[in-house]
$ cat my_file.cif   # mmCIF, C-alpha atoms
data_upload
#
loop_
_atom_site.label_atom_id
_atom_site.label_comp_id
_atom_site.auth_asym_id
_atom_site.auth_seq_id
_atom_site.Cartn_x
_atom_site.Cartn_y
_atom_site.Cartn_z
CA MET A 1 8.85 -14.54 -158.80
CA GLU A 2 6.68 -11.72 -157.51
CA ASN A 3 5.45 -12.01 -153.94
CA ASN A 4 1.79 -10.97 -153.80
CA LEU A 5 1.94 -10.19 -150.08
CA VAL A 6 4.94 -7.89 -150.46
CA THR A 7 3.42 -6.17 -153.50
CA ALA A 8 0.10 -5.62 -151.73
CA PHE A 9 1.84 -4.14 -148.70
CA GLN A 10 4.07 -1.90 -150.82
CA GLU A 11 1.07 -0.47 -152.67
CA ASN A 12 -1.19 -0.08 -149.64
CA TRP A 13 1.19 0.52 -146.72
CA ILE A 14 0.27 4.17 -146.24
CA THR A 15 -3.51 3.67 -146.21
CA LEU A 16 -3.18 0.50 -144.14
CA GLY A 17 -0.91 2.28 -141.67
CA VAL A 18 -3.28 5.22 -141.27
CA SER A 19 -6.22 2.83 -140.97
CA ALA A 20 -4.43 0.72 -138.35
CA VAL A 21 -3.99 3.80 -136.15
CA LEU A 22 -7.62 4.86 -136.56
CA LEU A 23 -8.94 1.33 -135.96
CA ALA A 24 -6.78 1.14 -132.81
CA LEU A 25 -8.43 4.37 -131.67
CA LEU A 26 -11.88 2.82 -132.18
CA TYR A 27 -10.79 -0.28 -130.25
CA PHE A 28 -9.49 1.90 -127.41
CA MET A 29 -12.88 3.64 -127.29
CA ALA A 30 -14.59 0.26 -127.05
CA LYS A 31 -12.33 -0.82 -124.18
CA LYS A 32 -13.25 2.41 -122.40
CA ARG A 33 -16.92 1.44 -122.82
CA VAL A 34 -17.78 4.34 -125.11
CA GLY A 35 -21.33 3.77 -126.41
CA PHE A 36 -21.81 1.67 -129.56
CA GLY A 37 -23.72 4.43 -131.38
CA THR A 38 -21.03 6.99 -130.54
CA ARG A 39 -18.28 4.71 -131.84
CA VAL A 40 -20.15 4.13 -135.11
CA LEU A 41 -20.58 7.89 -135.56
CA VAL A 42 -16.88 8.51 -134.88
CA ALA A 43 -15.96 5.71 -137.30
CA LEU A 44 -18.11 7.30 -139.99
CA GLY A 45 -16.39 10.67 -139.52
CA LEU A 46 -12.90 9.15 -139.47
CA GLY A 47 -13.64 7.14 -142.60
CA LEU A 48 -14.89 10.20 -144.47
CA VAL A 49 -11.82 12.30 -143.62
CA ALA A 50 -9.40 9.46 -144.34
CA GLY A 51 -11.09 8.65 -147.64
CA VAL A 52 -10.93 12.23 -148.90
CA ILE A 53 -7.21 12.33 -148.01
CA PHE A 54 -6.59 9.02 -149.81
CA ASN A 55 -8.39 10.40 -152.88
CA ASN A 56 -6.51 13.71 -152.89
CA PHE A 57 -3.12 11.98 -152.75
CA GLN A 58 -4.26 9.18 -155.12
CA LEU A 59 -3.27 6.47 -152.66
CA LYS A 60 -4.11 2.80 -153.13
CA PHE A 61 -6.94 1.72 -150.83
CA GLU A 62 -7.55 -1.92 -151.81
CA GLY A 63 -6.39 -3.13 -148.41
CA VAL A 64 -8.84 -0.86 -146.59
CA GLY A 65 -11.58 -2.05 -148.96
CA THR A 66 -10.82 -5.63 -147.95
CA ILE A 67 -11.56 -4.76 -144.31
CA GLY A 68 -14.98 -3.40 -145.31
CA SER A 69 -15.67 -6.40 -147.54
CA ILE A 70 -14.84 -8.82 -144.72
CA TYR A 71 -17.33 -7.05 -142.46
CA VAL A 72 -20.10 -7.16 -145.09
CA SER A 73 -19.35 -10.84 -145.77
CA LEU A 74 -19.65 -11.68 -142.08
CA ILE A 75 -23.01 -9.90 -141.94
CA ARG A 76 -24.26 -11.70 -145.03
CA MET A 77 -23.04 -14.98 -143.57
CA ILE A 78 -25.67 -14.86 -140.84
CA VAL A 79 -28.61 -13.37 -142.79
CA ILE A 80 -30.01 -16.57 -144.36
CA PRO A 81 -29.85 -18.74 -141.20
CA LEU A 82 -31.13 -15.81 -139.13
CA VAL A 83 -34.17 -15.24 -141.38
CA PHE A 84 -34.97 -18.96 -141.56
CA VAL A 85 -34.71 -19.63 -137.84
CA LEU A 86 -36.28 -16.41 -136.54
CA VAL A 87 -39.29 -16.50 -138.84
CA ILE A 88 -40.06 -20.08 -137.82
CA ASN A 89 -39.44 -19.41 -134.13
CA SER A 90 -41.64 -16.30 -134.13
CA ILE A 91 -44.55 -17.96 -135.94
CA ILE A 92 -44.56 -21.17 -133.89
CA SER A 93 -44.91 -18.97 -130.82
CA ILE A 94 -48.17 -17.66 -132.35
CA THR A 95 -50.70 -20.43 -131.97
CA ASN A 96 -53.51 -18.25 -133.32
CA ILE A 97 -53.45 -18.24 -137.15
CA ALA A 98 -55.95 -15.35 -137.23
CA PHE A 99 -53.46 -13.25 -135.24
CA LEU A 100 -50.73 -14.12 -137.74
CA LYS A 101 -52.92 -12.99 -140.64
CA LYS A 102 -53.76 -9.76 -138.84
CA ILE A 103 -50.16 -8.72 -138.17
CA GLY A 104 -49.24 -9.76 -141.73
CA ILE A 105 -51.87 -7.47 -143.25
CA LYS A 106 -50.90 -4.59 -140.97
CA THR A 107 -47.22 -4.99 -141.78
CA VAL A 108 -47.65 -5.04 -145.57
CA ALA A 109 -50.12 -2.13 -145.40
CA TRP A 110 -47.60 0.03 -143.54
CA PHE A 111 -44.83 -0.95 -145.97
CA LEU A 112 -46.86 -0.01 -149.05
CA GLY A 113 -48.47 3.07 -147.50
CA THR A 114 -45.17 4.62 -146.45
CA THR A 115 -43.66 3.82 -149.86
CA GLY A 116 -46.51 5.71 -151.55
CA VAL A 117 -45.98 8.71 -149.27
CA ALA A 118 -42.23 8.51 -149.97
CA ALA A 119 -42.90 8.70 -153.73
CA ILE A 120 -45.07 11.80 -153.21
CA ILE A 121 -42.36 13.48 -151.15
CA GLY A 122 -39.70 12.64 -153.74
CA LEU A 123 -41.92 14.04 -156.48
CA LEU A 124 -42.71 17.29 -154.64
CA VAL A 125 -39.06 17.97 -153.75
CA ALA A 126 -37.93 17.22 -157.33
CA LEU A 127 -40.58 19.58 -158.73
CA ALA A 128 -39.57 22.31 -156.27
CA ILE A 129 -35.83 21.91 -156.96
CA ASN A 130 -34.85 20.79 -160.45
CA PRO A 131 -32.62 17.73 -159.76
CA ALA A 132 -30.92 18.10 -163.16
CA GLY A 133 -29.25 21.35 -162.09
CA THR A 134 -26.56 22.26 -164.62
CA PHE A 135 -25.94 18.65 -165.56
CA GLU A 136 -25.19 17.97 -169.23
CA ALA A 137 -26.54 14.70 -170.57
CA SER A 138 -23.94 12.12 -171.52
CA GLN A 139 -24.19 8.35 -171.39
CA PRO A 140 -21.27 6.50 -169.78
CA GLU A 141 -19.51 3.96 -171.98
CA GLY A 142 -20.51 0.36 -171.51
CA PHE A 143 -23.72 1.19 -169.62
CA GLU A 144 -26.38 -1.51 -169.84
CA ALA A 145 -29.87 -0.81 -168.50
CA ARG A 146 -31.20 -3.37 -166.04
CA GLU A 147 -33.59 -5.85 -167.60
CA VAL A 148 -37.11 -5.61 -166.20
CA PRO A 149 -38.39 -9.09 -165.29
CA SER A 150 -41.91 -9.92 -166.41
CA PHE A 151 -44.67 -10.03 -163.80
CA PHE A 152 -44.97 -13.81 -164.11
CA GLN A 153 -41.20 -14.26 -163.79
CA VAL A 154 -41.24 -12.19 -160.60
CA ILE A 155 -43.97 -14.41 -159.15
CA LEU A 156 -42.06 -17.53 -160.20
CA ASP A 157 -38.85 -16.24 -158.59
CA LEU A 158 -40.64 -15.81 -155.26
CA VAL A 159 -41.65 -19.48 -155.08
CA PRO A 160 -38.95 -21.69 -153.53
CA SER A 161 -38.17 -24.63 -155.81
CA ASN A 162 -34.90 -25.65 -154.15
CA PRO A 163 -34.58 -23.93 -150.75
CA VAL A 164 -31.01 -25.13 -150.24
CA ASN A 165 -29.85 -23.73 -153.58
CA GLU A 166 -31.73 -20.47 -153.03
CA ALA A 167 -30.18 -20.10 -149.58
CA ALA A 168 -26.74 -20.72 -151.11
CA THR A 169 -27.30 -18.02 -153.74
CA GLY A 170 -28.54 -15.50 -151.16
CA LYS A 171 -32.19 -15.34 -152.28
CA VAL A 172 -33.80 -14.29 -149.02
CA LEU A 173 -37.47 -14.09 -149.96
CA PRO A 174 -37.83 -17.70 -151.23
CA VAL A 175 -36.12 -18.86 -148.03
CA LEU A 176 -38.54 -16.73 -146.00
CA ILE A 177 -41.51 -18.25 -147.82
CA PHE A 178 -40.14 -21.76 -147.22
CA ALA A 179 -39.76 -20.89 -143.53
CA LEU A 180 -43.41 -19.76 -143.48
CA PHE A 181 -44.51 -23.16 -144.82
CA ILE A 182 -42.46 -24.98 -142.18
CA ALA A 183 -43.70 -22.74 -139.37
CA ILE A 184 -47.37 -22.95 -140.30
CA ALA A 185 -47.06 -26.73 -140.62
CA ILE A 186 -45.57 -26.93 -137.11
CA VAL A 187 -48.44 -24.82 -135.74
CA LYS A 188 -51.01 -26.97 -137.58
CA VAL A 189 -49.55 -30.27 -136.38
CA GLY A 190 -49.04 -28.86 -132.89
CA SER A 191 -52.73 -27.99 -132.58
CA LYS A 192 -53.55 -31.72 -132.89
CA LYS A 193 -50.41 -33.44 -131.56
CA PRO A 194 -48.48 -31.04 -129.29
CA GLU A 195 -46.05 -33.75 -128.23
CA ALA A 196 -45.03 -34.42 -131.86
CA VAL A 197 -43.68 -30.90 -132.44
CA GLN A 198 -42.26 -30.21 -128.99
CA PRO A 199 -38.70 -31.34 -129.94
CA VAL A 200 -38.80 -29.17 -133.08
CA LYS A 201 -39.95 -26.13 -131.11
CA ALA A 202 -37.18 -26.70 -128.57
CA LEU A 203 -34.64 -26.99 -131.40
CA PHE A 204 -35.64 -23.66 -133.00
CA ALA A 205 -35.77 -21.93 -129.62
CA SER A 206 -32.22 -23.14 -128.95
CA LEU A 207 -31.02 -22.15 -132.44
CA THR A 208 -32.48 -18.68 -131.91
CA GLU A 209 -30.39 -18.20 -128.75
CA VAL A 210 -27.24 -19.43 -130.48
CA LEU A 211 -27.76 -17.20 -133.52
CA HIS A 212 -28.34 -14.18 -131.30
CA GLN A 213 -24.91 -14.81 -129.80
CA VAL A 214 -23.35 -15.14 -133.26
CA VAL A 215 -24.98 -11.84 -134.21
CA LYS A 216 -23.41 -10.18 -131.16
CA PHE A 217 -19.98 -11.49 -132.14
CA VAL A 218 -20.28 -10.17 -135.70
CA LEU A 219 -21.82 -6.81 -134.83
CA ARG A 220 -18.93 -5.95 -132.55
CA PHE A 221 -16.95 -5.37 -135.76
CA THR A 222 -19.44 -2.73 -136.92
CA PRO A 223 -17.43 0.44 -136.11
CA TYR A 224 -14.36 -0.98 -137.90
CA GLY A 225 -16.43 -2.04 -140.90
CA VAL A 226 -18.15 1.34 -141.02
CA TYR A 227 -14.79 3.12 -141.08
CA ALA A 228 -13.50 0.97 -143.95
CA LEU A 229 -16.67 1.20 -146.05
CA ILE A 230 -16.93 4.99 -145.75
CA ALA A 231 -13.19 5.47 -146.35
CA VAL A 232 -13.36 3.46 -149.58
CA MET A 233 -16.45 5.33 -150.75
CA ALA A 234 -14.82 8.71 -150.17
CA ALA A 235 -11.49 7.56 -151.66
CA LYS A 236 -13.18 6.21 -154.78
CA TYR A 237 -15.38 9.17 -155.64
CA GLY A 238 -13.75 12.13 -153.92
CA LEU A 239 -15.40 15.52 -154.08
CA GLU A 240 -14.73 16.46 -157.72
CA THR A 241 -16.78 13.55 -159.09
CA LEU A 242 -19.85 14.73 -157.25
CA LYS A 243 -19.97 18.34 -158.51
CA PRO A 244 -21.85 17.80 -161.83
CA LEU A 245 -24.62 15.91 -160.03
CA ALA A 246 -24.55 17.87 -156.80
CA THR A 247 -28.14 19.06 -157.23
CA LEU A 248 -29.40 15.50 -157.71
CA ILE A 249 -27.62 14.46 -154.52
CA LEU A 250 -29.05 17.47 -152.69
CA VAL A 251 -32.62 16.83 -153.87
CA SER A 252 -32.38 13.14 -152.97
CA TYR A 253 -31.15 13.78 -149.46
CA ILE A 254 -33.66 16.56 -148.83
CA ALA A 255 -36.47 14.16 -149.77
CA LEU A 256 -34.95 11.33 -147.71
CA ILE A 257 -34.54 13.56 -144.65
CA LEU A 258 -38.07 14.95 -144.97
CA HIS A 259 -39.50 11.44 -145.16
CA PHE A 260 -37.29 10.32 -142.28
CA VAL A 261 -38.22 13.20 -139.98
CA ILE A 262 -41.80 14.08 -140.94
CA VAL A 263 -43.28 10.70 -141.94
CA PHE A 264 -41.39 8.41 -139.58
CA GLY A 265 -41.39 10.96 -136.75
CA GLY A 266 -45.07 11.72 -137.32
CA LEU A 267 -46.09 8.05 -137.32
CA VAL A 268 -44.17 7.35 -134.13
CA ALA A 269 -45.61 10.46 -132.43
CA PHE A 270 -49.25 10.45 -133.59
CA VAL A 271 -49.94 6.77 -134.32
CA GLY A 272 -47.61 5.12 -131.83
CA LYS A 273 -48.05 7.89 -129.21
CA LEU A 274 -44.33 7.75 -128.52
CA ASN A 275 -41.52 10.29 -128.30
CA PRO A 276 -40.02 10.52 -131.84
CA LEU A 277 -36.74 12.01 -130.62
CA ARG A 278 -36.26 9.07 -128.28
CA PHE A 279 -37.14 6.71 -131.14
CA PHE A 280 -34.51 8.22 -133.47
CA LYS A 281 -31.89 8.13 -130.73
CA LYS A 282 -32.56 4.49 -129.97
CA ALA A 283 -32.78 3.51 -133.67
CA TYR A 284 -29.47 5.18 -134.50
CA PRO A 285 -27.43 1.91 -134.87
CA THR A 286 -29.89 0.73 -137.54
CA VAL A 287 -29.58 4.03 -139.41
CA ALA A 288 -25.77 3.99 -139.22
CA VAL A 289 -25.35 0.38 -140.36
CA GLY A 290 -27.91 0.81 -143.17
CA PHE A 291 -26.16 3.98 -144.30
CA THR A 292 -22.72 2.41 -144.46
CA THR A 293 -23.45 -1.12 -145.71
CA ARG A 294 -26.08 -0.05 -148.29
CA SER A 295 -27.85 -3.37 -147.72
CA SER A 296 -31.16 -4.01 -145.98
CA TYR A 297 -30.13 -7.63 -145.55
CA ALA A 298 -26.85 -6.63 -143.90
CA THR A 299 -28.80 -4.29 -141.60
CA LEU A 300 -31.24 -7.02 -140.53
CA PRO A 301 -29.22 -8.45 -137.59
CA ILE A 302 -28.60 -5.07 -135.95
CA ASN A 303 -32.19 -4.01 -136.68
CA LEU A 304 -33.53 -7.04 -134.83
CA GLU A 305 -31.33 -6.19 -131.85
CA VAL A 306 -32.47 -2.55 -131.88
CA ILE A 307 -36.17 -3.37 -132.31
CA THR A 308 -36.25 -5.82 -129.41
CA LYS A 309 -33.55 -4.58 -127.01
CA ARG A 310 -33.87 -0.81 -127.41
CA LEU A 311 -37.42 -0.21 -128.60
CA GLY A 312 -39.23 -2.88 -126.59
CA VAL A 313 -40.97 -4.72 -129.43
CA SER A 314 -41.79 -8.32 -128.58
CA PRO A 315 -39.51 -10.89 -130.28
CA ARG A 316 -42.40 -12.60 -132.08
CA ILE A 317 -43.47 -9.34 -133.75
CA ALA A 318 -39.88 -8.27 -134.48
CA SER A 319 -38.95 -11.66 -135.94
CA PHE A 320 -41.88 -11.44 -138.34
CA VAL A 321 -41.70 -7.78 -139.40
CA ALA A 322 -37.91 -7.29 -139.69
CA PRO A 323 -37.10 -10.11 -142.17
CA LEU A 324 -40.15 -9.20 -144.27
CA GLY A 325 -39.11 -5.54 -144.24
CA ALA A 326 -35.62 -6.40 -145.46
CA THR A 327 -37.18 -7.93 -148.57
CA MET A 328 -40.10 -5.66 -149.44
CA ASN A 329 -39.94 -2.34 -147.57
CA PHE A 330 -38.43 0.12 -150.08
CA ASN A 331 -39.40 3.63 -148.98
CA GLY A 332 -36.10 5.01 -150.26
CA CYS A 333 -35.31 2.69 -153.17
CA GLY A 334 -38.84 2.12 -154.44
CA GLY A 335 -40.55 5.37 -153.46
CA ILE A 336 -38.32 8.45 -153.31
CA TRP A 337 -35.65 7.46 -155.84
CA PRO A 338 -37.84 6.50 -158.84
CA ALA A 339 -39.86 9.70 -158.41
CA ILE A 340 -36.78 11.92 -158.36
CA VAL A 341 -35.10 10.13 -161.27
CA SER A 342 -38.31 10.42 -163.33
CA VAL A 343 -38.32 14.22 -162.95
CA PHE A 344 -34.55 14.31 -163.52
CA VAL A 345 -34.79 12.36 -166.79
CA ALA A 346 -37.81 14.36 -167.98
CA ASN A 347 -35.92 17.62 -167.41
CA ILE A 348 -32.73 16.36 -169.08
CA PHE A 349 -34.61 15.35 -172.22
CA ASP A 350 -36.99 18.34 -172.04
CA MET A 351 -40.10 16.18 -171.73
CA GLN A 352 -43.12 17.65 -169.95
CA LEU A 353 -44.89 15.59 -167.28
CA SER A 354 -48.61 16.03 -166.61
CA ILE A 355 -50.65 15.55 -163.44
CA THR A 356 -51.59 12.11 -164.79
CA ASP A 357 -47.90 11.25 -165.05
CA TYR A 358 -47.35 12.31 -161.45
CA ILE A 359 -50.17 10.06 -160.26
CA LEU A 360 -48.73 7.25 -162.37
CA ILE A 361 -45.29 7.72 -160.78
CA VAL A 362 -46.73 7.24 -157.28
CA ALA A 363 -48.96 4.30 -158.25
CA VAL A 364 -46.27 2.44 -160.20
CA SER A 365 -43.72 3.07 -157.43
CA VAL A 366 -45.98 1.33 -154.90
CA ILE A 367 -46.84 -1.54 -157.25
CA SER A 368 -43.23 -2.07 -158.36
CA SER A 369 -42.08 -2.17 -154.74
CA ILE A 370 -44.12 -5.37 -154.43
CA GLY A 371 -42.88 -6.78 -157.71
CA VAL A 372 -39.16 -6.35 -157.04
CA ALA A 373 -39.25 -7.98 -153.61
CA GLY A 374 -36.33 -10.40 -153.52
CA VAL A 375 -34.87 -9.12 -156.81
CA PRO A 376 -31.23 -7.87 -156.61
CA GLY A 377 -30.87 -4.10 -157.12
CA PRO A 378 -34.45 -3.08 -156.21
CA ALA A 379 -33.76 0.64 -156.78
CA SER A 380 -32.60 0.07 -160.37
CA ILE A 381 -35.48 -2.27 -161.15
CA SER A 382 -38.13 -0.02 -159.57
CA THR A 383 -36.77 3.01 -161.41
CA THR A 384 -36.68 1.11 -164.70
CA VAL A 385 -40.30 0.07 -164.24
CA VAL A 386 -41.40 3.66 -163.51
CA LEU A 387 -39.44 5.15 -166.43
CA THR A 388 -40.88 2.52 -168.77
CA ALA A 389 -44.43 3.21 -167.55
CA LEU A 390 -43.94 6.94 -168.24
CA GLY A 391 -42.32 6.39 -171.63
CA LEU A 392 -39.12 8.15 -170.52
CA PRO A 393 -35.71 7.16 -171.99
CA LEU A 394 -34.00 4.43 -170.00
CA GLU A 395 -30.69 6.04 -170.93
CA GLY A 396 -31.44 8.44 -168.10
CA LEU A 397 -30.42 5.74 -165.62
CA ALA A 398 -26.88 5.83 -167.03
CA MET A 399 -26.55 9.47 -166.07
CA VAL A 400 -26.93 8.85 -162.35
CA VAL A 401 -24.55 5.90 -162.09
CA ALA A 402 -21.67 8.05 -160.80
CA VAL A 403 -23.51 9.11 -157.65
CA GLU A 404 -26.01 6.32 -157.11
CA SER A 405 -23.76 4.59 -154.57
CA LEU A 406 -23.61 7.75 -152.50
CA ILE A 407 -27.39 8.23 -152.63
CA ASP A 408 -27.96 4.53 -151.98
CA MET A 409 -26.49 5.02 -148.53
CA GLY A 410 -29.32 7.36 -147.58
CA ARG A 411 -31.94 5.24 -149.37
CA THR A 412 -30.96 2.10 -147.43
CA ALA A 413 -30.94 3.95 -144.11
CA VAL A 414 -34.51 5.09 -144.83
CA ASN A 415 -35.56 1.59 -145.91
CA ALA A 416 -34.22 0.01 -142.73
CA THR A 417 -35.67 2.69 -140.47
CA GLY A 418 -39.06 2.27 -142.15
CA THR A 419 -39.00 -1.38 -141.12
CA THR A 420 -38.16 -0.34 -137.56
CA VAL A 421 -41.08 2.12 -137.50
CA THR A 422 -43.47 -0.53 -138.83
CA ALA A 423 -42.36 -3.01 -136.16
CA VAL A 424 -43.07 -0.42 -133.45
CA LEU A 425 -46.49 0.49 -134.90
CA VAL A 426 -47.60 -3.12 -135.33
CA ALA A 427 -46.38 -4.09 -131.86
CA ASN A 428 -48.08 -1.06 -130.32
CA SER A 429 -51.40 -1.87 -132.00
CA GLU A 430 -51.24 -5.45 -130.70
CA GLY A 431 -50.17 -4.58 -127.15
CA GLU A 432 -46.75 -6.15 -127.78
CA LEU A 433 -44.66 -3.03 -127.12
CA ASP A 434 -42.88 -2.67 -123.78
CA ARG A 435 -43.06 1.08 -123.18
CA GLU A 436 -40.78 0.87 -120.16
CA VAL A 437 -38.00 -0.45 -122.40
CA PHE A 438 -38.75 2.21 -125.02
CA ASN A 439 -38.72 5.03 -122.46
CA SER A 440 -35.64 3.80 -120.63
CA ASN A 441 -32.36 5.67 -120.97
CA ASP A 442 -30.37 2.48 -121.54
CA ASN A 443 -29.33 3.11 -125.15
CA ASP A 444 -26.51 0.59 -125.27
CA ALA A 445 -28.26 -2.60 -124.22
CA LEU A 446 -26.87 -4.35 -127.31
CA GLU A 447 -23.90 -5.92 -125.52
CA LEU A 448 -21.61 -4.86 -128.36
CA ASN A 449 -18.61 -3.75 -126.36
CA PRO A 450 -15.76 -6.28 -126.23
CA ALA A 451 -15.71 -8.51 -123.16
#
$ encode --input "my_file.cif" --output "structure tokens"
Amino acid sequence: MENNLVTAFQENWITLGVSAVLLALLYFMAKKRVGFGTRVLVALGLGLVAGVIFNNFQLKFEGVGTIGSIYVSLIRMIVIPLVFVLVINSIISITNIAFLKKIGIKTVAWFLGTTGVAAIIGLLVALAINPAGTFEASQPEGFEAREVPSFFQVILDLVPSNPVNEAATGKVLPVLIFALFIAIAIVKVGSKKPEAVQPVKALFASLTEVLHQVVKFVLRFTPYGVYALIAVMAAKYGLETLKPLATLILVSYIALILHFVIVFGGLVAFVGKLNPLRFFKKAYPTVAVGFTTRSSYATLPINLEVITKRLGVSPRIASFVAPLGATMNFNGCGGIWPAIVSVFVANIFDMQLSITDYILIVAVSVISSIGVAGVPGPASISTTVVLTALGLPLEGLAMVVAVESLIDMGRTAVNATGTTVTAVLVANSEGELDREVFNSNDNDALELNPA
């Protein structure tokens, strides 16, 4: 009878052994109080080098992948309770409903505005550098295009019918909407009978403190999870797989970096009147975790820590903007990516796009970013919607499957950072930004070193 444990070790002992040494190095750095951001950066580099070596020698890396999966599962474990509790706790601290409406409008406006600008940047870069390069069109076997949900189905999916079931299946936006109902009801009742809601307020305040501690426990595993996730990505795809679509990768990252530096940096500098270099330095953990996990939801806990502890945004603004951003702020996935893929597909199939088509790409990208909120795979859905609106072949999506995971890393980092920028801008406009915290040199106030 075959022993699964022995078989697994025999197949993975080399990669597990190498990984054990590298993870021990990261732990040693933590014990020596090396900064959290530095350790994440080192983990990313170690994972990339190890992954390329694993790929070159065709080594099994399932065991290393399990380490990364455990980290992502732990992050996902806390997302639903975190969103539910923090949204309620932040709103019940706002007794003025008019103030709540104001910050809500500002938040959504920044989300949609930056997504529109992202689509324009993606379009301009793709027109300047043909993303198709020397790629020859061929559709992978077994590819199935993502089904585009109807507008009314999207609306229906946003409405919570069974909050417990939706929480169990990981549907964040319906849970968020349910939390809004609960929070507004507490505020409404509290305005008439403060004593009736006092125990509930105390409960959510206590739960918030407890969840913050749980978040700290989980996020201490970040450097180890980052190493494993990057190592698996590099081991799976290697360098040879990327060559045919190298230009598409290049164009995507040029657009993402331009948006990251010019748009985000410009907003922080000219709207927020803050030092953009300091902002990027302090927001680095959010960028790193978004880049490696490829999930805005998984980035939410660290983003909340960064926004409040490093950037000085008040908890009530951060707790409102961050969960909402994780569900509907898609600068990378809903803005840059659909624009680039549209030009890519048009070039592959030798179809000419007009100025009207370019305007349509930007408009549909912004609109679809609203429609896919809470839908799994927002990049695929948004891109499908844009291609359909332009009358371009949906088969084009199949041609980018090989490298989409790699590009998704950059897209998610941009998405998460966009939420961070919005939180800073909204807090600054409402006088809820502590500039002393923002300007301080304490970049590791996240308490993420082991005790």
$ resolve_selection --input "my_file.cif" --expression "the PyMOL selection byres ((chain A and resi 155-160) around 7)" --output "PDB file with C-alpha atoms, in the coordinates of the input"
ATOM      1  CA  PHE A 151     -44.670 -10.030-163.800  1.00  0.00           C
ATOM      2  CA  PHE A 152     -44.970 -13.810-164.110  1.00  0.00           C
ATOM      3  CA  GLN A 153     -41.200 -14.260-163.790  1.00  0.00           C
ATOM      4  CA  VAL A 154     -41.240 -12.190-160.600  1.00  0.00           C
ATOM      5  CA  SER A 161     -38.170 -24.630-155.810  1.00  0.00           C
ATOM      6  CA  ASN A 162     -34.900 -25.650-154.150  1.00  0.00           C
ATOM      7  CA  PRO A 163     -34.580 -23.930-150.750  1.00  0.00           C
ATOM      8  CA  LEU A 173     -37.470 -14.090-149.960  1.00  0.00           C
ATOM      9  CA  PRO A 174     -37.830 -17.700-151.230  1.00  0.00           C
ATOM     10  CA  VAL A 175     -36.120 -18.860-148.030  1.00  0.00           C
ATOM     11  CA  PHE A 178     -40.140 -21.760-147.220  1.00  0.00           C
TER      12      PHE A 178
END
$ closest_atom_pairs --input "my_file.cif" --of "region 17-47 of chain A" --to "region 277-287 of chain A" --cutoff "10 Å" --atoms "all atoms listed in the file" --output "tab-separated table"
residue	atom	partner	partner_atom	distance
A:Phe36	CA	A:Pro285	CA	7.7
A:Gly37	CA	A:Pro285	CA	5.7
A:Thr38	CA	A:Pro285	CA	9.2
A:Val40	CA	A:Pro285	CA	7.6
A:Leu41	CA	A:Pro285	CA	9.1
$ closest_residue --input "my_file.cif" --among "A:Ile257, A:Ala416, A:Ile121, A:Ala185" --to "Pro338 (chain A)" --atoms "only C-alpha atoms"
A:Ile121
$ residues_near_point --input "my_file.cif" --point "(-14.4, -6.9, -144.5)" --cutoff "12 Å" --atoms "all atoms listed in the file" --output "short mmCIF file (atom, residue, chain, number, x, y, z; two decimals) with C-alpha atoms, in the coordinates of the input"
data_model
loop_
_atom_site.label_atom_id
_atom_site.label_comp_id
_atom_site.auth_asym_id
_atom_site.auth_seq_id
_atom_site.Cartn_x
_atom_site.Cartn_y
_atom_site.Cartn_z
CA GLU A 62 -7.55 -1.92 -151.81
CA GLY A 63 -6.39 -3.13 -148.41
CA VAL A 64 -8.84 -0.86 -146.59
CA GLY A 65 -11.58 -2.05 -148.96
CA THR A 66 -10.82 -5.63 -147.95
CA ILE A 67 -11.56 -4.76 -144.31
CA GLY A 68 -14.98 -3.40 -145.31
CA SER A 69 -15.67 -6.40 -147.54
CA ILE A 70 -14.84 -8.82 -144.72
CA TYR A 71 -17.33 -7.05 -142.46
CA VAL A 72 -20.10 -7.16 -145.09
CA SER A 73 -19.35 -10.84 -145.77
CA LEU A 74 -19.65 -11.68 -142.08
CA ILE A 75 -23.01 -9.90 -141.94
CA ARG A 76 -24.26 -11.70 -145.03
CA MET A 77 -23.04 -14.98 -143.57
CA VAL A 218 -20.28 -10.17 -135.70
CA PHE A 221 -16.95 -5.37 -135.76
CA THR A 222 -19.44 -2.73 -136.92
CA PRO A 223 -17.43 0.44 -136.11
CA TYR A 224 -14.36 -0.98 -137.90
CA GLY A 225 -16.43 -2.04 -140.90
CA VAL A 226 -18.15 1.34 -141.02
CA TYR A 227 -14.79 3.12 -141.08
CA ALA A 228 -13.50 0.97 -143.95
CA LEU A 229 -16.67 1.20 -146.05
CA VAL A 232 -13.36 3.46 -149.58
CA THR A 293 -23.45 -1.12 -145.71
#
$ resolve_selection --input "my_file.cif" --expression "the PyMOL selection byres ((chain A and resi 29) around 12)" --output "NGL selection string"
:A and (22-28 or 30-40 or 42-43 or 223-224 or 449-450)
$ resolve_selection --input "my_file.cif" --expression "the PyMOL selection byres ((chain A and resi 359-369) around 7)" --output "compact mmCIF listing (two decimals) with C-alpha atoms, in the frame of the given file"
# COMPACT_ATOMS: atom_id res chain seq x y z
CA LEU A 112 -46.86 -0.01 -149.05
CA THR A 115 -43.66 3.82 -149.86
CA GLY A 116 -46.51 5.71 -151.55
CA ALA A 119 -42.90 8.70 -153.73
CA ILE A 120 -45.07 11.80 -153.21
CA MET A 328 -40.10 -5.66 -149.44
CA PHE A 330 -38.43 0.12 -150.08
CA GLY A 334 -38.84 2.12 -154.44
CA GLY A 335 -40.55 5.37 -153.46
CA PRO A 338 -37.84 6.50 -158.84
CA ALA A 339 -39.86 9.70 -158.41
CA ILE A 355 -50.65 15.55 -163.44
CA THR A 356 -51.59 12.11 -164.79
CA ASP A 357 -47.90 11.25 -165.05
CA TYR A 358 -47.35 12.31 -161.45
CA ILE A 370 -44.12 -5.37 -154.43
CA GLY A 371 -42.88 -6.78 -157.71
CA VAL A 372 -39.16 -6.35 -157.04
CA ALA A 373 -39.25 -7.98 -153.61
CA SER A 382 -38.13 -0.02 -159.57
CA VAL A 385 -40.30 0.07 -164.24
CA VAL A 386 -41.40 3.66 -163.51
